[in-house]
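What follows is a single structure, written as structure tokens, with notes after it.
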Amino acid sequence: MIVVLGGGPAGIYASIEAAKRDAKVTLIEKEERIGGTCTLYGCVPTKSMLYPARIIDSLEKLGGKGEISMTSIQALARGSVERISKGIESTLESLGVNIIHERAYIRSGNVIVRNETLPSDSVIISTGTERDKENDMIYSEDLHEVDLSFKTVGIVGGDVGGLEAAWLLHTLGKEVYMIDKNSFLMSYLDDDMRKAITSYFKRIGIKLVLNTEVKSIEKKEKFLLKLSDNETLSVDRVLKSFGRHPAIEGIDVPKNRYIRVDDYLRTEVNGIFAAGDVIGTHTAHSAIYAGKIAGANAVGERKEFNREAIPHVVYTRPEIAYTGLMEGKCVKVQAGSNGRNIIERETFGFLKLCSEGKRLVSAEAFMEGAEDVIATASLMIRLHLNLDQIQDFIPPHPSKLELLKDAVEELINING
């Protein structure tokens, strides 16, 4: 018996992989619906709301005009959540996965549900992350449920969730303030990227309050944010984009901030594996990948979890995407040099690639279509292709992927 704790991306795919190998699987999820933060509150509803906003943005770039009500956008998001969650549950049931909607704990290597020990041969912990919410605050995962009639909003935190929420709310006509303690948005990215993101968000009309921390928030007729520079910002609502932490209460296995695992996703407790955000992967797609690895290994296989060059995407308009560390020799090509971008009037931005010797090691893009370009670069890096091999890559024409080929050819020229 394989017991999986947590019905988010990692737990779902761990269950599927184990069940495909004829293991008996029990999946335990504390919520009434399957899907975890990604499906129920994060990736799915957020992207469902971003999609119509992106269409409106495209129409305006082409000289047209589009409108959609806040209630319609939220209804689209809730519909996506419901359909995908039910589809996941149906898939699991078709594979014979037993689903229990309860909270589970691990004590002395045993899974405890309803104060009873659940028999298991292997256990996979995939309980994800959670947030300690404050009254009256909005969080990025709330946007498909809360009243969006406010006119001004202060977003605290210039990270991925903050950027997506800021772009969406700005596109929907809100006055948006972003407060971040760093000098740049997405400050952990390289200089080219963080400067470009910060400049762009400022240019489109989002009001940036940088190098500044929020000392206190007081609710009166409006929310009053007391800032570290002794200024006070008054807004209708406040959205916090940070503060998630691993959901590991009652999970008795060795951990620091995250559960400690080896390259095969084994914890330090015999027979117990862990996958997803509880080990610090931070994206749904890396959680899915980890879940598949854990599910296979829990039934006796020996697959290694490869953390190299996992892609990251921020679904603003244009998209922001990156993979690997931007080190070595680098080249940058402009989005405006690409025929497909010219056709679609999406000429803002750039693609940057870095190599060490003849090997591609990293890539980043801030441009429309960045998701597909960086995903392709990620595969090339993970397959350890050298630059000469990548020269045989034939992108469709006209496509944004041609920028990737152009940048690789420039890297070959500078490497000699």
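Every chain in the structure tokens takes a letter, A first, then B, and so on in the order presented; its residues are numbered from 1, and the ligands are numbered from 1 following the presented order.
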Checklist entry - Excluding same-chain residues fewer than 4 positions from Lys222 of chain A, what lies within 8 Å of it counting only C-alpha atoms, as a VMD selection string? => result chain A and resid 234 to 237
Item to check | 12 Å contact set for Asn211 of chain A, only C-alpha atoms, chain neighbours under 2 positions out, as a PyMOL selection string | outcome: chain A and resi 157-158+178-185+187+208-209+213-214+227-229
List every residue of segment 32-76 of chain A that has an atom at most 12 Å from any atom of segment 357-380 of chain A, and for each one report the closest atom pair and its distance in Å to one decimal, counting only C-alpha atoms, with rows sorted by chain and then by increasing residue number, as JSON lines.
```
{"residue": "A:Arg54", "atom": "CA", "partner": "A:Glu368", "partner_atom": "CA", "distance": 10.7}
{"residue": "A:Asp57", "atom": "CA", "partner": "A:Glu368", "partner_atom": "CA", "distance": 12.0}
{"residue": "A:Ser58", "atom": "CA", "partner": "A:Glu368", "partner_atom": "CA", "distance": 10.8}
```
Item to check | All residues 8 Å or closer to Val4 of chain A, only C-alpha atoms, same chain fewer than 5 positions away omitted, as a PyMOL selection string | outcome: chain A and resi 11+14-15+25-28+123-126
Please save C-alpha atoms of the selected residues as an mmCIF file, in the first residue's frame.
```cif
data_model
loop_
_atom_site.group_PDB
_atom_site.id
_atom_site.type_symbol
_atom_site.label_atom_id
_atom_site.label_comp_id
_atom_site.auth_asym_id
_atom_site.auth_seq_id
_atom_site.Cartn_x
_atom_site.Cartn_y
_atom_site.Cartn_z
ATOM 1 C CA GLY A 11 0.417 14.113 -4.740
ATOM 2 C CA ALA A 14 2.684 10.475 -7.385
ATOM 3 C CA SER A 15 -0.609 8.604 -7.005
ATOM 4 C CA VAL A 25 -2.751 3.743 -3.512
ATOM 5 C CA THR A 26 -4.574 5.794 -0.900
ATOM 6 C CA LEU A 27 -4.518 9.570 -1.359
ATOM 7 C CA ILE A 28 -5.379 11.682 1.691
ATOM 8 C CA VAL A 123 4.507 7.023 2.217
ATOM 9 C CA ILE A 124 4.796 10.126 0.014
ATOM 10 C CA ILE A 125 4.468 13.527 1.695
ATOM 11 C CA SER A 126 3.147 16.152 -0.731
#
```
Item to check | Distance of atom CA of Lys352 of chain A from atom CA of Thr46 of chain A, expressed in Å to one decimal place | outcome: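 Atom CA of Lys352 of chain A lies at a distance of 27.2 Å from atom CA of Thr46 of chain A.
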Checklist entry - Per DSSP on the backbone, what are the alpha helix (DSSP H) residues of segment 100-304 of chain A, as a ChimeraX atom specification? => result /A:160-171,191-203,284-298
Residue contacts of segment 37-39 of chain A (7 Å, only C-alpha atoms) excluding same-chain residues fewer than 3 positions away, as a PDB file with N, CA and C atoms, in the first residue's frame:
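Output saved as around.pdb:
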```pdb
ATOM      1  N   GLY A   8      -2.371  17.904  -4.074  1.00  0.00           N
ATOM      2  CA  GLY A   8      -1.952  18.906  -5.042  1.00  0.00           C
ATOM      3  C   GLY A   8      -1.207  18.249  -6.191  1.00  0.00           C
ATOM      4  N   GLY A  42      -4.541  28.872  -7.035  1.00  0.00           N
ATOM      5  CA  GLY A  42      -3.393  29.556  -7.612  1.00  0.00           C
ATOM      6  C   GLY A  42      -3.347  29.558  -9.117  1.00  0.00           C
ATOM      7  N   CYS A  43      -2.561  28.633  -9.690  1.00  0.00           N
ATOM      8  CA  CYS A  43      -2.301  28.630 -11.134  1.00  0.00           C
ATOM      9  C   CYS A  43      -3.573  28.698 -11.968  1.00  0.00           C
ATOM     10  N   VAL A  44      -4.520  27.819 -11.687  1.00  0.00           N
ATOM     11  CA  VAL A  44      -5.694  27.679 -12.553  1.00  0.00           C
ATOM     12  C   VAL A  44      -6.606  28.907 -12.508  1.00  0.00           C
ATOM     13  N   VAL A  81     -11.687  25.964 -12.285  1.00  0.00           N
ATOM     14  CA  VAL A  81     -11.330  25.235 -11.066  1.00  0.00           C
ATOM     15  C   VAL A  81     -12.197  23.990 -10.914  1.00  0.00           C
ATOM     16  N   SER A  85     -10.656  20.218 -11.266  1.00  0.00           N
ATOM     17  CA  SER A  85     -10.658  19.432 -10.030  1.00  0.00           C
ATOM     18  C   SER A  85     -11.447  18.142 -10.197  1.00  0.00           C
ATOM     19  N   ALA A 284       4.349  24.494  -9.801  1.00  0.00           N
ATOM     20  CA  ALA A 284       3.485  23.336  -9.980  1.00  0.00           C
ATOM     21  C   ALA A 284       4.121  22.308 -10.912  1.00  0.00           C
TER      22      ALA A 284
END
```
